[in-house]
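One structure is given below, encoded as structure tokens.
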Amino acid sequence: LPRPNGGLTMLRAAVLGQSDPELRRRSVELARYPQKHTLSSCPKPRHLILIHIGEAGLRIGQHLWQNALCPEHCVAMDGTISTSAFGPDTDTLLTESIFSETQKGTLVPRCVFVDPDNETIEQIQRGPLRNLVHPAQYITSEEPDDCNGQTWTCAMYGGPRAMYPTALDALRRLADSCENLHGFVLFRSASGGTGAGFASGLLYRLAELYPKYTVVDFCLIPSYPTRDNRTQGTLSTSVVESYNWILQIPDVKDHVSISIPLQNGKLLDLTRDVEAPMSTRCYERAFFGINSLISELAATVLASHRYAPA
């Protein structure tokens, strides 16, 4: 990045023949230590909107914002910026790429949480993100669902279908607030009905409304023990997981720019020895290692948008 004021100040001092010690000291300081970027001084970033779908997507999103993105961007859980946490790696941060600034000066993640299950949404709202994410960014369904969203068909055409207008309206508001929208990032599991069926319909509608924007899909796919590997871990809880995964493939093929499939059994094997902190809630302990790994992967993939080029 260009170092603002430093080089110009030294050039001006050399041309005008100025010998002020304070000016020389300031010039050297600016040249050696570039100014830290704020929301108003950083280069124009490419904005992203993160979409967390289903229980798996919500859990990953909670861990991603709480333990990866917010600490890295020096954003507290109430949306304030901690300037004391700035370090040498924060000089090129583009916080505006994934956060939007309110009139009060606080930051709000540019994301939505979508799930027909009210219980999961309420747990997220009572958790660490309660003062960070705006209530309008939580999308849930009031329509009854006889299948409880377990199959692709029920989530695509059943009760969760009523969430499409609300979800698209929330995404439209976020997109309208972006000066340089680059695309959408999805976090979901193709094993469940919501992550497969509802996501298929949402991808189709996003392609109609925003056809020129990039869509990145972090998708958990089911895994089962094979004949050669009987000890492979598995988190399968339903016999219809394979059908859900297969039925959503055509929409992914047609409407997703970059798909990153993550096999849950392999993730379980990689994180089997990871222990959750004692402060972790009981319903999050079983997936703490997997959520940590996916969060680090997502933060790394999105680093090109969250950091200014060197």
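Labeling convention for the structure tokens: chains A, B, ... as they appear, residues from 1 per chain, ligands from 1 in order of appearance.
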Name the residues in contact with Leu297 of chain A at a cut-off of 12 Å, using only C-alpha atoms, excluding same-chain residues fewer than 2 positions from it; report them as a CSV table (one decimal) with C-alpha atoms, in the first residue's frame.
```
chain,number,residue,atom,x,y,z
A,60,ILE,CA,-20.4,-22.5,12.0
A,64,LEU,CA,-16.7,-17.9,12.7
A,68,ALA,CA,-12.2,-15.7,13.9
A,69,LEU,CA,-13.5,-12.6,12.1
A,187,PHE,CA,-22.3,-21.9,5.0
A,218,PHE,CA,-18.9,-23.9,2.1
A,260,ILE,CA,-15.9,-26.1,-1.2
A,261,PRO,CA,-17.3,-29.5,-0.1
A,262,LEU,CA,-16.3,-30.6,3.4
A,267,LEU,CA,-13.3,-33.4,9.7
A,290,ILE,CA,-15.1,-29.1,13.4
A,291,ASN,CA,-16.5,-25.6,13.7
A,292,SER,CA,-13.0,-24.3,14.6
A,293,LEU,CA,-11.4,-25.9,11.6
A,294,ILE,CA,-14.1,-24.7,9.2
A,295,SER,CA,-13.9,-21.2,10.6
A,299,ALA,CA,-11.2,-16.9,7.3
A,300,THR,CA,-8.3,-17.9,5.1
A,301,VAL,CA,-10.3,-18.1,1.9
A,302,LEU,CA,-11.8,-14.7,2.5
A,303,ALA,CA,-8.5,-13.1,3.4
```
Residues within 10 Å of Ser191 of chain A, please, as a PDB file with N, CA and C atoms, in the first residue's frame. Count only C-alpha atoms; anything in the same chain fewer than 3 positions from it doesn't count.
```pdb
ATOM      1  N   ALA A  56     -26.392 -26.419  11.098  1.00  0.00           N
ATOM      2  CA  ALA A  56     -24.944 -26.498  10.896  1.00  0.00           C
ATOM      3  C   ALA A  56     -24.376 -25.152  10.470  1.00  0.00           C
ATOM      4  N   GLN A 150     -36.493 -32.178   7.370  1.00  0.00           N
ATOM      5  CA  GLN A 150     -35.467 -33.208   7.296  1.00  0.00           C
ATOM      6  C   GLN A 150     -35.153 -33.643   5.868  1.00  0.00           C
ATOM      7  N   THR A 151     -36.037 -33.371   4.931  1.00  0.00           N
ATOM      8  CA  THR A 151     -35.826 -33.815   3.564  1.00  0.00           C
ATOM      9  C   THR A 151     -35.743 -32.619   2.622  1.00  0.00           C
ATOM     10  N   TRP A 152     -35.111 -32.843   1.477  1.00  0.00           N
ATOM     11  CA  TRP A 152     -34.943 -31.794   0.480  1.00  0.00           C
ATOM     12  C   TRP A 152     -36.299 -31.293  -0.011  1.00  0.00           C
ATOM     13  N   ARG A 188     -23.423 -24.085   5.040  1.00  0.00           N
ATOM     14  CA  ARG A 188     -24.565 -24.966   5.211  1.00  0.00           C
ATOM     15  C   ARG A 188     -24.105 -26.409   5.219  1.00  0.00           C
ATOM     16  N   THR A 194     -32.913 -28.372   5.386  1.00  0.00           N
ATOM     17  CA  THR A 194     -32.804 -26.928   5.222  1.00  0.00           C
ATOM     18  C   THR A 194     -31.547 -26.558   4.444  1.00  0.00           C
ATOM     19  N   GLY A 195     -30.414 -27.145   4.808  1.00  0.00           N
ATOM     20  CA  GLY A 195     -29.172 -26.837   4.126  1.00  0.00           C
ATOM     21  C   GLY A 195     -29.146 -27.291   2.685  1.00  0.00           C
ATOM     22  N   ALA A 196     -29.971 -28.284   2.334  1.00  0.00           N
ATOM     23  CA  ALA A 196     -30.016 -28.776   0.958  1.00  0.00           C
ATOM     24  C   ALA A 196     -31.194 -28.182   0.197  1.00  0.00           C
ATOM     25  N   GLY A 197     -32.423 -28.394   0.706  1.00  0.00           N
ATOM     26  CA  GLY A 197     -33.616 -27.959  -0.016  1.00  0.00           C
ATOM     27  C   GLY A 197     -33.802 -26.461  -0.024  1.00  0.00           C
ATOM     28  N   CYS A 219     -19.841 -26.174   1.992  1.00  0.00           N
ATOM     29  CA  CYS A 219     -20.923 -27.154   2.132  1.00  0.00           C
ATOM     30  C   CYS A 219     -20.411 -28.420   2.805  1.00  0.00           C
ATOM     31  N   LEU A 220     -21.042 -28.796   3.911  1.00  0.00           N
ATOM     32  CA  LEU A 220     -20.758 -30.072   4.561  1.00  0.00           C
ATOM     33  C   LEU A 220     -21.507 -31.182   3.831  1.00  0.00           C
ATOM     34  N   ILE A 221     -20.818 -32.241   3.478  1.00  0.00           N
ATOM     35  CA  ILE A 221     -21.440 -33.352   2.776  1.00  0.00           C
ATOM     36  C   ILE A 221     -21.353 -34.597   3.650  1.00  0.00           C
ATOM     37  N   PRO A 222     -22.300 -35.536   3.514  1.00  0.00           N
ATOM     38  CA  PRO A 222     -22.306 -36.718   4.378  1.00  0.00           C
ATOM     39  C   PRO A 222     -21.185 -37.674   4.037  1.00  0.00           C
ATOM     40  N   SER A 223     -20.812 -38.464   5.009  1.00  0.00           N
ATOM     41  CA  SER A 223     -19.793 -39.499   4.808  1.00  0.00           C
ATOM     42  C   SER A 223     -20.209 -40.732   5.587  1.00  0.00           C
ATOM     43  N   LEU A 235     -20.984 -38.496  11.238  1.00  0.00           N
ATOM     44  CA  LEU A 235     -21.939 -37.740  12.035  1.00  0.00           C
ATOM     45  C   LEU A 235     -23.345 -37.889  11.463  1.00  0.00           C
ATOM     46  N   SER A 236     -23.578 -38.935  10.713  1.00  0.00           N
ATOM     47  CA  SER A 236     -24.859 -39.140  10.059  1.00  0.00           C
ATOM     48  C   SER A 236     -25.942 -39.422  11.095  1.00  0.00           C
ATOM     49  N   THR A 237     -27.053 -38.726  10.956  1.00  0.00           N
ATOM     50  CA  THR A 237     -28.178 -38.899  11.883  1.00  0.00           C
ATOM     51  C   THR A 237     -29.460 -39.271  11.167  1.00  0.00           C
ATOM     52  N   SER A 238     -29.438 -39.377   9.847  1.00  0.00           N
ATOM     53  CA  SER A 238     -30.658 -39.656   9.102  1.00  0.00           C
ATOM     54  C   SER A 238     -30.311 -40.472   7.862  1.00  0.00           C
ATOM     55  N   VAL A 239     -31.253 -41.331   7.460  1.00  0.00           N
ATOM     56  CA  VAL A 239     -31.031 -42.176   6.284  1.00  0.00           C
ATOM     57  C   VAL A 239     -31.235 -41.410   4.986  1.00  0.00           C
ATOM     58  N   VAL A 240     -31.790 -40.188   5.046  1.00  0.00           N
ATOM     59  CA  VAL A 240     -32.068 -39.429   3.825  1.00  0.00           C
ATOM     60  C   VAL A 240     -30.958 -38.431   3.500  1.00  0.00           C
ATOM     61  N   GLU A 241     -29.851 -38.475   4.234  1.00  0.00           N
ATOM     62  CA  GLU A 241     -28.790 -37.489   4.001  1.00  0.00           C
ATOM     63  C   GLU A 241     -28.216 -37.593   2.594  1.00  0.00           C
ATOM     64  N   SER A 242     -27.995 -38.800   2.119  1.00  0.00           N
ATOM     65  CA  SER A 242     -27.445 -38.969   0.772  1.00  0.00           C
ATOM     66  C   SER A 242     -28.397 -38.441  -0.291  1.00  0.00           C
ATOM     67  N   TYR A 243     -29.704 -38.644  -0.098  1.00  0.00           N
ATOM     68  CA  TYR A 243     -30.672 -38.138  -1.056  1.00  0.00           C
ATOM     69  C   TYR A 243     -30.690 -36.614  -1.056  1.00  0.00           C
ATOM     70  N   ASN A 244     -30.634 -36.007   0.122  1.00  0.00           N
ATOM     71  CA  ASN A 244     -30.589 -34.546   0.191  1.00  0.00           C
ATOM     72  C   ASN A 244     -29.381 -33.991  -0.547  1.00  0.00           C
ATOM     73  N   TRP A 245     -28.252 -34.634  -0.344  1.00  0.00           N
ATOM     74  CA  TRP A 245     -27.017 -34.176  -0.980  1.00  0.00           C
ATOM     75  C   TRP A 245     -27.099 -34.290  -2.499  1.00  0.00           C
ATOM     76  N   ILE A 246     -27.633 -35.401  -2.996  1.00  0.00           N
ATOM     77  CA  ILE A 246     -27.695 -35.614  -4.440  1.00  0.00           C
ATOM     78  C   ILE A 246     -28.685 -34.651  -5.098  1.00  0.00           C
ATOM     79  N   GLN A 248     -29.508 -31.658  -4.318  1.00  0.00           N
ATOM     80  CA  GLN A 248     -29.123 -30.245  -4.373  1.00  0.00           C
ATOM     81  C   GLN A 248     -27.958 -29.995  -5.330  1.00  0.00           C
ATOM     82  N   ASN A 264     -17.879 -34.451   6.486  1.00  0.00           N
ATOM     83  CA  ASN A 264     -17.924 -34.364   7.949  1.00  0.00           C
ATOM     84  C   ASN A 264     -17.153 -35.485   8.633  1.00  0.00           C
TER      85      ASN A 264
END
```
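Across the model, the gap from atom CA of Leu186 of chain A to atom CA of Leu168 of chain A is 13.9 Å.
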* Among the residues A:Ala308, A:Val133, A:Leu58, A:Val215, the one that comes closest to Glu96 of chain A [using only C-alpha atoms] -> A:Ala308
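Of the listed residues A:Val256, A:Ala76, A:Met163, A:Leu247, the one whose atoms come nearest to Leu129 of chain A is A:Ala76, with distances taken using only C-alpha atoms.
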* Asked: Which residues in segment 101-207 of chain A does DSSP call helix (DSSP H, G or I)? List them as an MDAnalysis selection string.
  -> chainID A and resid 118:126 128:131 135:137 152:157 159:176 193:207
* **Residue neighbourhood Phe184 of chain A, 8 Å, only C-alpha atoms, exclusion window fewer than 4 positions, as a VMD selection string** => chain A and resid 48 to 51 213 to 216
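The closest residue to Asp269 of chain A, picked from A:Ala170, A:Gly289, A:Ala190, A:Tyr204 and counting only C-alpha atoms, is A:Gly289.
The interatomic distance for the pair atom CA of Val252 of chain A and atom CA of Leu206 of chain A works out to 11.9 Å.
Of note, atom CA of Gly183 of chain A and atom CA of Ala155 of chain A are spaced 24.2 Å apart.
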* Structure fact -> Nearest to Ser100 of chain A, restricted to only C-alpha atoms and choosing among A:Thr120, A:Gln125, A:Ser177, A:Thr153, comes out as A:Ser177
